[in-house]
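Visitor: Below is the file input_3.cif, with mmCIF, C-alpha atoms.
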```
data_query
#
loop_
_atom_site.group_PDB
_atom_site.id
_atom_site.type_symbol
_atom_site.label_atom_id
_atom_site.label_comp_id
_atom_site.auth_asym_id
_atom_site.auth_seq_id
_atom_site.Cartn_x
_atom_site.Cartn_y
_atom_site.Cartn_z
ATOM 1 C CA MET R 167 49.056 54.553 48.044
ATOM 2 C CA ALA R 168 47.411 57.648 49.412
ATOM 3 C CA GLU R 169 43.970 57.501 50.904
ATOM 4 C CA TYR R 170 42.359 60.212 48.783
ATOM 5 C CA HIS R 171 42.259 57.902 45.808
ATOM 6 C CA HIS R 172 39.646 55.792 47.547
ATOM 7 C CA HIS R 173 37.415 58.510 48.859
ATOM 8 C CA ASP R 174 37.148 61.486 46.574
ATOM 9 C CA HIS R 175 35.087 60.162 43.728
ATOM 10 C CA VAL R 176 32.928 57.334 42.519
ATOM 11 C CA HIS R 177 34.870 55.054 40.207
ATOM 12 C CA LEU R 178 32.443 53.629 37.700
ATOM 13 C CA ASP R 179 34.844 51.219 36.095
ATOM 14 C CA HIS R 180 36.093 49.470 39.189
ATOM 15 C CA ALA R 181 34.853 47.477 42.113
ATOM 16 C CA PRO R 182 35.419 49.073 45.509
ATOM 17 C CA ILE R 183 38.830 48.187 46.805
ATOM 18 C CA SER R 184 39.248 46.582 50.164
ATOM 19 C CA ASP R 185 41.876 44.748 52.097
ATOM 20 C CA HIS R 186 39.695 44.159 55.106
ATOM 21 C CA GLY R 187 38.820 40.545 54.668
ATOM 22 C CA HIS R 188 37.178 40.047 51.316
ATOM 23 C CA GLU R 189 33.986 41.935 52.081
ATOM 24 C CA PRO R 190 33.648 45.632 51.253
ATOM 25 C CA ARG R 191 33.846 47.778 54.357
ATOM 26 C CA ALA R 192 30.544 48.712 55.960
ATOM 27 C CA GLU R 193 30.751 52.357 54.932
ATOM 28 C CA TYR R 194 31.190 51.379 51.280
ATOM 29 C CA ARG R 195 28.172 49.090 51.452
ATOM 30 C CA VAL R 196 26.117 51.942 52.869
ATOM 31 C CA LEU R 197 27.468 54.321 50.216
ATOM 32 C CA GLU R 198 26.735 51.863 47.398
ATOM 33 C CA ARG R 199 23.185 51.388 48.607
ATOM 34 C CA ALA R 200 22.579 55.115 48.974
ATOM 35 C CA VAL R 201 23.901 55.881 45.475
ATOM 36 C CA ARG R 202 21.965 52.979 43.936
ATOM 37 C CA GLU R 203 18.693 54.022 45.575
ATOM 38 C CA LEU R 204 19.167 57.629 44.508
ATOM 39 C CA LEU R 205 19.896 56.650 40.898
ATOM 40 C CA ILE R 206 16.750 54.546 40.808
ATOM 41 C CA GLU R 207 14.619 57.151 42.575
ATOM 42 C CA LYS R 208 15.747 59.881 40.169
ATOM 43 C CA GLY R 209 15.085 57.656 37.156
ATOM 44 C CA VAL R 210 18.719 57.509 35.963
ATOM 45 C CA VAL R 211 18.561 53.712 35.951
ATOM 46 C CA THR R 212 15.855 51.220 36.842
ATOM 47 C CA ALA R 213 16.092 48.436 39.386
ATOM 48 C CA GLU R 214 15.734 46.078 36.420
ATOM 49 C CA ASP R 215 18.771 47.682 34.690
ATOM 50 C CA TRP R 216 20.729 47.168 37.897
ATOM 51 C CA ARG R 217 19.684 43.542 38.231
ATOM 52 C CA ARG R 218 20.406 42.793 34.575
ATOM 53 C CA GLN R 219 23.880 44.345 34.800
ATOM 54 C CA ILE R 220 24.742 42.203 37.816
ATOM 55 C CA GLU R 221 23.402 39.128 36.048
ATOM 56 C CA LEU R 222 25.517 39.947 32.983
ATOM 57 C CA MET R 223 28.643 40.416 35.112
ATOM 58 C CA ASP R 224 27.982 37.183 36.996
ATOM 59 C CA SER R 225 27.603 35.310 33.708
ATOM 60 C CA ARG R 226 31.197 36.107 32.713
ATOM 61 C CA ASN R 227 33.926 33.817 33.951
ATOM 62 C CA PRO R 228 37.460 32.636 33.119
ATOM 63 C CA SER R 229 36.211 29.747 30.968
ATOM 64 C CA MET R 230 35.445 32.377 28.311
ATOM 65 C CA GLY R 231 39.070 33.481 28.302
ATOM 66 C CA ALA R 232 40.182 29.849 28.259
ATOM 67 C CA ARG R 233 38.264 29.283 25.026
ATOM 68 C CA VAL R 234 39.991 32.299 23.488
ATOM 69 C CA ILE R 235 43.450 31.047 24.476
ATOM 70 C CA ALA R 236 42.781 27.472 23.310
ATOM 71 C CA ARG R 237 41.650 28.785 19.919
ATOM 72 C CA ALA R 238 44.815 30.889 19.681
ATOM 73 C CA TRP R 239 46.913 27.785 20.418
ATOM 74 C CA VAL R 240 45.365 25.760 17.584
ATOM 75 C CA ASP R 241 44.782 28.521 15.027
ATOM 76 C CA PRO R 242 47.775 30.770 14.235
ATOM 77 C CA ALA R 243 45.659 33.152 12.138
ATOM 78 C CA PHE R 244 43.249 33.607 15.065
ATOM 79 C CA LYS R 245 46.213 34.213 17.362
ATOM 80 C CA GLN R 246 47.399 37.019 15.093
ATOM 81 C CA ARG R 247 43.918 38.574 15.153
ATOM 82 C CA LEU R 248 43.834 38.204 18.955
ATOM 83 C CA LEU R 249 47.169 39.967 19.353
ATOM 84 C CA ALA R 250 46.056 42.708 16.959
ATOM 85 C CA ASP R 251 42.635 43.328 18.563
ATOM 86 C CA ALA R 252 41.597 41.126 21.476
ATOM 87 C CA LYS R 253 38.019 42.426 21.702
ATOM 88 C CA LYS R 254 37.319 41.705 18.051
ATOM 89 C CA ALA R 255 38.837 38.228 18.374
ATOM 90 C CA ALA R 256 36.727 37.485 21.477
ATOM 91 C CA ASP R 257 33.648 38.641 19.549
ATOM 92 C CA GLU R 258 34.368 35.920 16.989
ATOM 93 C CA LEU R 259 33.811 33.375 19.761
ATOM 94 C CA GLY R 260 30.528 34.961 20.829
ATOM 95 C CA ILE R 261 31.958 36.862 23.792
ATOM 96 C CA ASP R 262 30.255 40.237 23.995
ATOM 97 C CA THR R 263 32.885 42.907 24.595
ATOM 98 C CA ALA R 264 30.958 45.843 23.126
ATOM 99 C CA ASN R 265 30.917 48.019 26.248
ATOM 100 C CA ALA R 266 34.299 46.942 27.576
ATOM 101 C CA PRO R 267 37.498 49.009 27.589
ATOM 102 C CA ARG R 268 40.193 48.078 25.070
ATOM 103 C CA VAL R 269 41.824 44.712 25.786
ATOM 104 C CA MET R 270 45.355 43.852 24.708
ATOM 105 C CA ALA R 271 46.485 40.216 24.587
ATOM 106 C CA LEU R 272 50.115 39.595 25.563
ATOM 107 C CA GLU R 273 51.837 36.485 24.263
ATOM 108 C CA ASN R 274 54.208 34.707 26.620
ATOM 109 C CA THR R 275 57.267 33.302 24.865
ATOM 110 C CA PRO R 276 60.142 31.077 26.006
ATOM 111 C CA THR R 277 62.049 34.292 26.805
ATOM 112 C CA ARG R 278 59.304 36.630 28.088
ATOM 113 C CA HIS R 279 56.680 36.131 30.789
ATOM 114 C CA HIS R 280 53.942 38.720 31.416
ATOM 115 C CA LEU R 281 52.438 39.424 34.847
ATOM 116 C CA VAL R 282 49.402 41.723 35.055
ATOM 117 C CA THR R 283 48.521 44.065 37.889
ATOM 118 C CA CYS R 284 46.830 47.398 38.473
ATOM 119 C CA THR R 285 48.728 49.326 41.126
ATOM 120 C CA LEU R 286 46.192 52.175 41.189
ATOM 121 C CA CYS R 287 42.988 50.155 41.608
ATOM 122 C CA SER R 288 41.824 46.845 40.143
ATOM 123 C CA CYS R 289 41.613 47.166 36.346
ATOM 124 C CA TYR R 290 40.997 43.726 34.844
ATOM 125 C CA PRO R 291 39.659 42.337 31.523
ATOM 126 C CA LYS R 292 36.237 41.647 33.058
ATOM 127 C CA ALA R 293 34.459 41.235 29.720
ATOM 128 C CA ILE R 294 36.594 38.147 29.053
ATOM 129 C CA LEU R 295 37.495 36.849 32.541
ATOM 130 C CA GLY R 296 34.633 38.031 34.761
ATOM 131 C CA ILE R 297 35.206 39.430 38.248
ATOM 132 C CA PRO R 298 38.845 39.467 39.424
ATOM 133 C CA PRO R 299 39.884 37.312 42.387
ATOM 134 C CA ALA R 300 40.082 39.069 45.765
ATOM 135 C CA TRP R 301 43.876 38.773 45.904
ATOM 136 C CA TYR R 302 44.197 40.662 42.610
ATOM 137 C CA LYS R 303 42.532 43.660 44.282
ATOM 138 C CA SER R 304 44.547 43.414 47.499
ATOM 139 C CA GLU R 305 47.076 46.111 48.295
ATOM 140 C CA ALA R 306 49.679 43.437 49.032
ATOM 141 C CA TYR R 307 49.505 41.925 45.536
ATOM 142 C CA ARG R 308 49.392 45.309 43.801
ATOM 143 C CA ALA R 309 52.421 46.638 45.671
ATOM 144 C CA ARG R 310 54.504 43.468 45.529
ATOM 145 C CA ALA R 311 53.765 42.656 41.873
ATOM 146 C CA VAL R 312 55.808 45.696 40.857
ATOM 147 C CA LYS R 313 58.428 45.613 43.636
ATOM 148 C CA ASP R 314 59.206 41.906 43.700
ATOM 149 C CA PRO R 315 57.442 40.160 40.810
ATOM 150 C CA ARG R 316 59.654 37.084 40.981
ATOM 151 C CA GLY R 317 58.895 36.725 44.675
ATOM 152 C CA VAL R 318 55.151 36.916 43.951
ATOM 153 C CA LEU R 319 55.488 34.385 41.129
ATOM 154 C CA LYS R 320 57.360 32.018 43.437
ATOM 155 C CA GLU R 321 54.508 32.153 45.960
ATOM 156 C CA PHE R 322 52.182 31.042 43.158
ATOM 157 C CA GLY R 323 54.578 28.164 42.460
ATOM 158 C CA THR R 324 56.053 29.775 39.360
ATOM 159 C CA GLU R 325 59.835 29.849 39.147
ATOM 160 C CA LEU R 326 61.405 31.302 36.027
ATOM 161 C CA PRO R 327 65.093 31.218 35.103
ATOM 162 C CA ASP R 328 66.917 34.567 34.900
ATOM 163 C CA ASN R 329 67.103 34.385 31.109
ATOM 164 C CA VAL R 330 63.316 34.731 30.961
ATOM 165 C CA GLU R 331 62.343 38.402 31.122
ATOM 166 C CA VAL R 332 59.580 39.028 33.634
ATOM 167 C CA ARG R 333 57.500 41.878 32.245
ATOM 168 C CA VAL R 334 55.040 43.413 34.684
ATOM 169 C CA MET R 335 52.089 45.127 33.028
ATOM 170 C CA ASP R 336 50.650 47.873 35.223
ATOM 171 C CA SER R 337 47.227 48.657 33.720
ATOM 172 C CA THR R 338 47.198 52.269 34.815
ATOM 173 C CA ALA R 339 44.918 53.714 32.144
ATOM 174 C CA ASP R 340 42.603 52.692 29.302
ATOM 175 C CA LEU R 341 43.829 49.188 28.507
ATOM 176 C CA ARG R 342 43.072 45.856 30.103
ATOM 177 C CA TYR R 343 45.552 43.022 29.697
ATOM 178 C CA LEU R 344 45.019 39.337 28.937
ATOM 179 C CA VAL R 345 48.018 36.997 29.049
ATOM 180 C CA VAL R 346 48.309 34.272 26.407
ATOM 181 C CA PRO R 347 50.230 31.576 28.304
ATOM 182 C CA LEU R 348 52.642 29.229 26.552
ATOM 183 C CA ARG R 349 51.009 26.079 25.218
ATOM 184 C CA PRO R 350 52.262 23.266 27.467
ATOM 185 C CA ALA R 351 54.437 20.515 26.024
ATOM 186 C CA GLY R 352 52.815 17.149 25.366
ATOM 187 C CA THR R 353 49.524 18.599 24.114
ATOM 188 C CA ASP R 354 49.923 17.912 20.406
ATOM 189 C CA GLY R 355 46.999 15.541 19.968
ATOM 190 C CA MET R 356 44.583 17.419 22.214
ATOM 191 C CA THR R 357 41.318 18.947 21.053
ATOM 192 C CA GLU R 358 40.540 22.633 21.504
ATOM 193 C CA GLU R 359 38.138 21.725 24.310
ATOM 194 C CA GLN R 360 40.756 19.666 26.133
ATOM 195 C CA LEU R 361 43.259 22.485 25.736
ATOM 196 C CA ALA R 362 40.827 25.009 27.219
ATOM 197 C CA ASP R 363 40.801 22.873 30.391
ATOM 198 C CA LEU R 364 44.502 23.612 30.813
ATOM 199 C CA VAL R 365 44.004 27.392 30.727
ATOM 200 C CA THR R 366 43.367 28.692 34.231
ATOM 201 C CA ARG R 367 42.334 32.162 35.333
ATOM 202 C CA ASP R 368 45.707 32.589 37.031
ATOM 203 C CA SER R 369 47.590 31.714 33.855
ATOM 204 C CA MET R 370 45.727 34.512 32.029
ATOM 205 C CA ILE R 371 46.758 36.985 34.765
ATOM 206 C CA GLY R 372 50.279 35.628 34.473
ATOM 207 C CA VAL R 373 50.918 34.426 38.025
ATOM 208 C CA THR R 374 51.201 30.830 36.783
ATOM 209 C CA ALA R 375 51.778 28.902 33.563
ATOM 210 C CA ALA R 376 48.981 26.893 31.945
ATOM 211 C CA ARG R 377 48.396 23.491 33.533
ATOM 212 C CA ASN R 378 50.494 20.549 32.520
ATOM 213 C CA PRO R 379 48.377 17.893 30.720
ATOM 214 C CA THR R 380 49.673 15.186 33.078
ATOM 215 C CA SER R 381 48.087 17.077 36.000
ATOM 216 C CA VAL R 382 44.630 16.769 34.417
ATOM 217 C CA SER R 383 42.798 13.470 34.538
ATOM 218 C CA MET S 163 46.153 64.626 17.570
ATOM 219 C CA THR S 164 49.789 63.884 16.770
ATOM 220 C CA ALA S 165 51.847 61.959 19.254
ATOM 221 C CA ARG S 166 54.976 63.776 20.367
ATOM 222 C CA PHE S 167 56.935 60.583 21.076
ATOM 223 C CA ALA S 168 57.714 57.486 19.011
ATOM 224 C CA PRO S 169 58.681 53.934 20.035
ATOM 225 C CA GLY S 170 62.263 53.866 21.310
ATOM 226 C CA ASP S 171 62.259 57.480 22.537
ATOM 227 C CA PRO S 172 63.756 57.936 26.024
ATOM 228 C CA VAL S 173 61.406 59.809 28.356
ATOM 229 C CA ARG S 174 61.188 60.901 31.958
ATOM 230 C CA VAL S 175 57.969 60.823 33.963
ATOM 231 C CA ARG S 176 57.250 64.302 35.346
ATOM 232 C CA GLU S 177 58.157 64.601 38.982
ATOM 233 C CA ASP S 178 55.059 66.502 39.948
ATOM 234 C CA TRP S 179 52.638 66.061 42.829
ATOM 235 C CA PRO S 180 49.342 67.790 41.999
ATOM 236 C CA GLU S 181 47.808 65.779 44.858
ATOM 237 C CA ALA S 182 49.584 68.064 47.287
ATOM 238 C CA LYS S 183 47.780 71.137 45.931
ATOM 239 C CA ALA S 184 44.219 70.132 45.094
ATOM 240 C CA LYS S 185 41.679 67.363 44.764
ATOM 241 C CA VAL S 186 42.753 65.498 41.643
ATOM 242 C CA HIS S 187 42.498 62.161 39.899
ATOM 243 C CA ILE S 188 45.876 61.096 38.509
ATOM 244 C CA ARG S 189 46.583 57.840 36.665
ATOM 245 C CA THR S 190 50.375 58.144 36.941
ATOM 246 C CA PRO S 191 51.498 55.947 39.861
ATOM 247 C CA HIS S 192 53.616 57.597 42.550
ATOM 248 C CA PHE S 193 56.418 55.077 42.159
ATOM 249 C CA LEU S 194 56.982 56.174 38.558
ATOM 250 C CA ARG S 195 57.190 59.931 39.154
ATOM 251 C CA GLY S 196 60.633 61.095 38.066
ATOM 252 C CA ALA S 197 61.567 57.697 36.593
ATOM 253 C CA ARG S 198 63.270 57.269 33.222
ATOM 254 C CA GLY S 199 61.765 54.920 30.686
ATOM 255 C CA THR S 200 61.436 54.210 26.977
ATOM 256 C CA ILE S 201 58.388 54.533 24.748
ATOM 257 C CA GLU S 202 57.251 51.012 23.848
ATOM 258 C CA THR S 203 53.955 51.618 22.012
ATOM 259 C CA VAL S 204 51.884 54.594 20.923
ATOM 260 C CA LEU S 205 48.369 53.548 21.950
ATOM 261 C CA GLY S 206 46.346 56.378 20.440
ATOM 262 C CA ALA S 207 44.447 59.245 22.066
ATOM 263 C CA TYR S 208 42.129 58.776 25.044
ATOM 264 C CA PRO S 209 40.012 61.270 26.997
ATOM 265 C CA ASN S 210 42.018 62.730 29.862
ATOM 266 C CA PRO S 211 40.941 60.848 33.023
ATOM 267 C CA GLU S 212 41.969 63.835 35.148
ATOM 268 C CA ASP S 213 38.903 65.620 33.741
ATOM 269 C CA LEU S 214 36.666 62.590 33.183
ATOM 270 C CA ALA S 215 36.805 61.752 36.889
ATOM 271 C CA PHE S 216 35.129 65.065 37.680
ATOM 272 C CA SER S 217 32.658 64.972 34.763
ATOM 273 C CA ARG S 218 34.459 67.845 33.036
ATOM 274 C CA PRO S 219 34.870 67.978 29.248
ATOM 275 C CA ALA S 220 37.914 65.807 28.622
ATOM 276 C CA ALA S 221 40.302 66.436 25.719
ATOM 277 C CA ALA S 222 41.860 63.363 24.109
ATOM 278 C CA LYS S 223 45.504 62.913 25.132
ATOM 279 C CA PRO S 224 48.057 60.626 23.483
ATOM 280 C CA LEU S 225 48.597 57.532 25.596
ATOM 281 C CA TYR S 226 51.746 55.406 25.570
ATOM 282 C CA GLN S 227 53.037 52.147 26.906
ATOM 283 C CA VAL S 228 56.266 53.165 28.610
ATOM 284 C CA ARG S 229 58.867 50.528 29.473
ATOM 285 C CA PHE S 230 61.019 50.757 32.604
ATOM 286 C CA ALA S 231 63.885 48.584 33.816
ATOM 287 C CA GLN S 232 62.716 46.739 36.928
ATOM 288 C CA ARG S 233 66.101 47.200 38.638
ATOM 289 C CA ALA S 234 66.134 50.934 37.962
ATOM 290 C CA LEU S 235 62.743 51.325 39.651
ATOM 291 C CA PHE S 236 63.528 49.066 42.593
ATOM 292 C CA PRO S 237 67.311 48.797 43.031
ATOM 293 C CA GLU S 238 66.800 46.793 46.222
ATOM 294 C CA GLY S 239 64.644 44.274 44.359
ATOM 295 C CA LYS S 240 65.528 40.759 43.397
ATOM 296 C CA GLY S 241 64.698 41.039 39.720
ATOM 297 C CA ALA S 242 66.861 39.764 36.881
ATOM 298 C CA ALA S 243 68.763 42.302 34.767
ATOM 299 C CA SER S 244 66.336 41.908 31.861
ATOM 300 C CA ASP S 245 63.119 42.295 33.903
ATOM 301 C CA THR S 246 60.856 45.154 32.871
ATOM 302 C CA LEU S 247 57.691 46.986 33.830
ATOM 303 C CA ILE S 248 55.250 48.606 31.438
ATOM 304 C CA ALA S 249 52.798 51.293 32.483
ATOM 305 C CA ASP S 250 50.292 53.209 30.379
ATOM 306 C CA LEU S 251 50.985 56.938 30.694
ATOM 307 C CA TYR S 252 49.475 60.046 29.119
ATOM 308 C CA GLU S 253 51.698 62.371 27.123
ATOM 309 C CA HIS S 254 51.380 65.332 29.484
ATOM 310 C CA TRP S 255 53.117 63.240 32.151
ATOM 311 C CA LEU S 256 56.164 62.583 29.950
ATOM 312 C CA GLU S 257 59.204 64.754 29.239
ATOM 313 C CA PRO S 258 61.803 64.136 26.550
ATOM 314 C CA VAL S 259 65.271 63.049 27.704
ATOM 315 C CA HIS S 260 68.117 64.489 25.660
ATOM 316 C CA GLY S 261 71.516 62.881 25.232
#
```
Write out the structure in this file as structure tokens.
Guide:
Amino acid sequence: MAEYHHHDHVHLDHAPISDHGHEPRAEYRVLERAVRELLIEKGVVTAEDWRRQIELMDSRNPSMGARVIARAWVDPAFKQRLLADAKKAADELGIDTANAPRVMALENTPTRHHLVTCTLCSCYPKAILGIPPAWYKSEAYRARAVKDPRGVLKEFGTELPDNVEVRVMDSTADLRYLVVPLRPAGTDGMTEEQLADLVTRDSMIGVTAARNPTSVS
Amino acid sequence: MTARFAPGDPVRVREDWPEAKAKVHIRTPHFLRGARGTIETVLGAYPNPEDLAFSRPAAAKPLYQVRFAQRALFPEGKGAASDTLIADLYEHWLEPVHG
């Protein structure tokens, strides 16, 4: 990926991208601070707006997505609504997606497994899953997810037979993707809450399956 | 705005490199330039990010999910024959493939 993508403009929708440890590089920290102080000084936003936005982002986490998936597992009508319009379906569960980009839910089946990446930057369904993990933003994951998805899956402990199509979703534009993992076997009597415990962040990115109930005490 | 392509249509991603000529913001990954794919879904029209990125007025452009065969993109890869990749691409980056 060419360097100009990182330097020529401010990308409002994405976190700064870095492969240098998991901390943004010093020059980006300086740049962020300079831009933030200017915006506040010129009255474009207030320090309180800034603080509230960070608080809102920090309040979002993968357990929200897990509730959405668990509901889809127990309620086929909800699952249909989720697949038709994921933001609207999340709203039903009290997850505020009003200012988020469009989200599309992708249902894994016994013959198709979805793996989500963003080769250009770090697009992610933040309204439903919160901040992406550092590896999701790394250049190594983004490059290898498209070149060798089965190799990446294997490193996450996920081995799929050749008759399962691996479908890599490169979120290059205006959509964010949320994977609906397969409901694990042996979960028939479980409550929605217990099911949500089986839905991990990684399973909603598609690098793993949902947890097996026998692995949860 | 009417979409030029429909699901199932074969398309080719333009093999163009505006980056070489000017400062631009392009949402079509390098590894897909020149690749052949198939329209999977018509997603609707979205403001052109190539203008949005520079705060210029941005016309809405039809956006598509385009499906590619994993092995065609990366022949050296270890994917299965049925493995696929989907990227979201704007209409002005797609050309029809005839025959």
Visitor: Can you give me, as a count of residues only, the residues this file yields under the PyMOL selection byres ((chain R) within 6 of (chain S))?
Guide: 10
Visitor: Evaluated on this file, the PyMOL selection byres ((chain S and resi 256) around 7) picks out some residues - which ones are they, written as a list in words?
Guide: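 In the shown coordinates, the PyMOL selection byres ((chain S and resi 256) around 7) covers Val173, Arg174, Val175, Arg176, Glu253, His254, Trp255, Glu257 and Pro258 of chain S.
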Visitor: Carefully work through the PyMOL selection byres ((chain R and resi 280) around 9) for this structure and note down the residues it includes, as a list of chain:residue names.
Guide: R:Leu272, R:Glu273, R:Asn274, R:Arg278, R:His279, R:Leu281, R:Val282, R:Glu331, R:Val332, R:Arg333, R:Val334, R:Met335, R:Val345, R:Val346, R:Pro347, R:Ile371, R:Gly372, R:Val373
Visitor: Check the smallest atom-to-atom distance from each of R:Trp301, R:Tyr194, R:Trp216, R:Tyr343 to R:Arg268 using all atoms listed in the file, then report the winner.
Guide: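 Nearest candidate to R:Arg268 out of R:Trp301, R:Tyr194, R:Trp216, R:Tyr343: R:Tyr343.
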Visitor: Work out how far apart atom CA of S:Val228 and atom CA of S:Phe167 are and give it in Å to one decimal.
Guide: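 Value for the atom CA of S:Val228-atom CA of S:Phe167 distance: 10.6 Å.
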Visitor: Between atom CA of R:Pro291 and atom CA of R:Pro379, what is the spacing in Å?
Guide: 26.0 Å
Visitor: Using all atoms listed in the file, pick whichever of S:His260, S:Asp213, S:Asp178, S:Lys183 has the shortest atom-to-atom distance to S:Gly196.
Guide: S:Asp178
Visitor: Hey, what's within 12 Å of R:Pro298 if we count only C-alpha atoms and toss same-chain stuff fewer than 2 positions away? As a compact mmCIF listing (two decimals) with C-alpha atoms, in the coordinates of the input, please?
Guide:
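Output (out_22.txt):
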```txt
# COMPACT_ATOMS: atom_id res chain seq x y z
CA HIS R 180 36.09 49.47 39.19
CA ALA R 181 34.85 47.48 42.11
CA PRO R 182 35.42 49.07 45.51
CA ILE R 183 38.83 48.19 46.80
CA MET R 223 28.64 40.42 35.11
CA ASP R 224 27.98 37.18 37.00
CA ARG R 226 31.20 36.11 32.71
CA ASN R 227 33.93 33.82 33.95
CA PRO R 228 37.46 32.64 33.12
CA VAL R 282 49.40 41.72 35.06
CA THR R 283 48.52 44.06 37.89
CA CYS R 284 46.83 47.40 38.47
CA CYS R 287 42.99 50.16 41.61
CA SER R 288 41.82 46.84 40.14
CA CYS R 289 41.61 47.17 36.35
CA TYR R 290 41.00 43.73 34.84
CA PRO R 291 39.66 42.34 31.52
CA LYS R 292 36.24 41.65 33.06
CA ALA R 293 34.46 41.24 29.72
CA ILE R 294 36.59 38.15 29.05
CA LEU R 295 37.49 36.85 32.54
CA GLY R 296 34.63 38.03 34.76
CA ALA R 300 40.08 39.07 45.76
CA TRP R 301 43.88 38.77 45.90
CA TYR R 302 44.20 40.66 42.61
CA LYS R 303 42.53 43.66 44.28
CA SER R 304 44.55 43.41 47.50
CA ARG R 367 42.33 32.16 35.33
CA ASP R 368 45.71 32.59 37.03
CA MET R 370 45.73 34.51 32.03
CA ILE R 371 46.76 36.98 34.76
```
Visitor: One number please: atom CA of R:Ser229 to atom CA of R:Ser369, in Å, one decimal.
Guide: 11.9 Å
Visitor: Could you write out as lines of an AutoDock Vina configuration file the box around stretch 238-246 of chain S (axis-aligned, all atoms listed in the file, 6 Å on each side), with centre and edge lengths in Å to one decimal?
Guide:
```
center_x = 64.8
center_y = 43.3
center_z = 39.0
size_x = 19.9
size_y = 19.0
size_z = 26.4
```
Visitor: Rank nothing, just name the residue among S:Ala234, S:Val204, S:Ala222, S:Glu212 nearest to S:Arg166, using only C-alpha atoms.
Guide: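 For S:Arg166, the nearest of the candidates is S:Val204.
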Visitor: Using only C-alpha atoms, which residues sit within 12 Å of R:Thr380 once same-chain residues fewer than 6 positions away are excluded, as a list in words?
Guide: Pro350, Ala351, Gly352, Thr353 and Leu364 of chain R
Visitor: I'd like to know which of R:Thr357, R:Thr285, R:Asn378, R:Thr366 is closest to R:Ser337, using only C-alpha atoms.
Guide: R:Thr285
Visitor: Got a minute to add N, CA, C and O atoms to stretch 194-205 of chain S and dump it as an mmCIF file, in the frame of the given file?
Guide:
```
data_model
loop_
_atom_site.group_PDB
_atom_site.id
_atom_site.type_symbol
_atom_site.label_atom_id
_atom_site.label_comp_id
_atom_site.auth_asym_id
_atom_site.auth_seq_id
_atom_site.Cartn_x
_atom_site.Cartn_y
_atom_site.Cartn_z
ATOM 1 N N LEU S 194 56.365 55.877 39.855
ATOM 2 C CA LEU S 194 56.982 56.174 38.558
ATOM 3 C C LEU S 194 57.334 57.654 38.385
ATOM 4 O O LEU S 194 57.998 58.024 37.418
ATOM 5 N N ARG S 195 56.903 58.495 39.309
ATOM 6 C CA ARG S 195 57.190 59.931 39.154
ATOM 7 C C ARG S 195 58.700 60.152 39.184
ATOM 8 O O ARG S 195 59.389 59.696 40.101
ATOM 9 N N GLY S 196 59.200 60.823 38.160
ATOM 10 C CA GLY S 196 60.633 61.095 38.066
ATOM 11 C C GLY S 196 61.446 59.975 37.425
ATOM 12 O O GLY S 196 62.645 60.141 37.190
ATOM 13 N N ALA S 197 60.808 58.842 37.126
ATOM 14 C CA ALA S 197 61.567 57.697 36.593
ATOM 15 C C ALA S 197 61.831 57.859 35.091
ATOM 16 O O ALA S 197 61.067 58.498 34.372
ATOM 17 N N ARG S 198 62.937 57.275 34.649
ATOM 18 C CA ARG S 198 63.270 57.269 33.222
ATOM 19 C C ARG S 198 62.820 55.975 32.574
ATOM 20 O O ARG S 198 63.020 54.891 33.140
ATOM 21 N N GLY S 199 62.221 56.098 31.403
ATOM 22 C CA GLY S 199 61.765 54.920 30.686
ATOM 23 C C GLY S 199 61.911 55.112 29.197
ATOM 24 O O GLY S 199 62.530 56.085 28.740
ATOM 25 N N THR S 200 61.339 54.189 28.435
ATOM 26 C CA THR S 200 61.436 54.210 26.977
ATOM 27 C C THR S 200 60.042 53.964 26.412
ATOM 28 O O THR S 200 59.315 53.096 26.907
ATOM 29 N N ILE S 201 59.691 54.746 25.383
ATOM 30 C CA ILE S 201 58.388 54.533 24.748
ATOM 31 C C ILE S 201 58.375 53.152 24.084
ATOM 32 O O ILE S 201 59.250 52.834 23.275
ATOM 33 N N GLU S 202 57.380 52.349 24.431
ATOM 34 C CA GLU S 202 57.251 51.012 23.848
ATOM 35 C C GLU S 202 56.227 51.047 22.703
ATOM 36 O O GLU S 202 56.498 50.560 21.625
ATOM 37 N N THR S 203 55.048 51.616 22.986
ATOM 38 C CA THR S 203 53.955 51.618 22.012
ATOM 39 C C THR S 203 53.192 52.934 22.103
ATOM 40 O O THR S 203 52.993 53.456 23.198
ATOM 41 N N VAL S 204 52.795 53.454 20.956
ATOM 42 C CA VAL S 204 51.884 54.594 20.923
ATOM 43 C C VAL S 204 50.478 54.007 20.836
ATOM 44 O O VAL S 204 50.156 53.309 19.884
ATOM 45 N N LEU S 205 49.659 54.246 21.855
ATOM 46 C CA LEU S 205 48.369 53.548 21.950
ATOM 47 C C LEU S 205 47.216 54.307 21.308
ATOM 48 O O LEU S 205 46.132 53.755 21.144
#
```
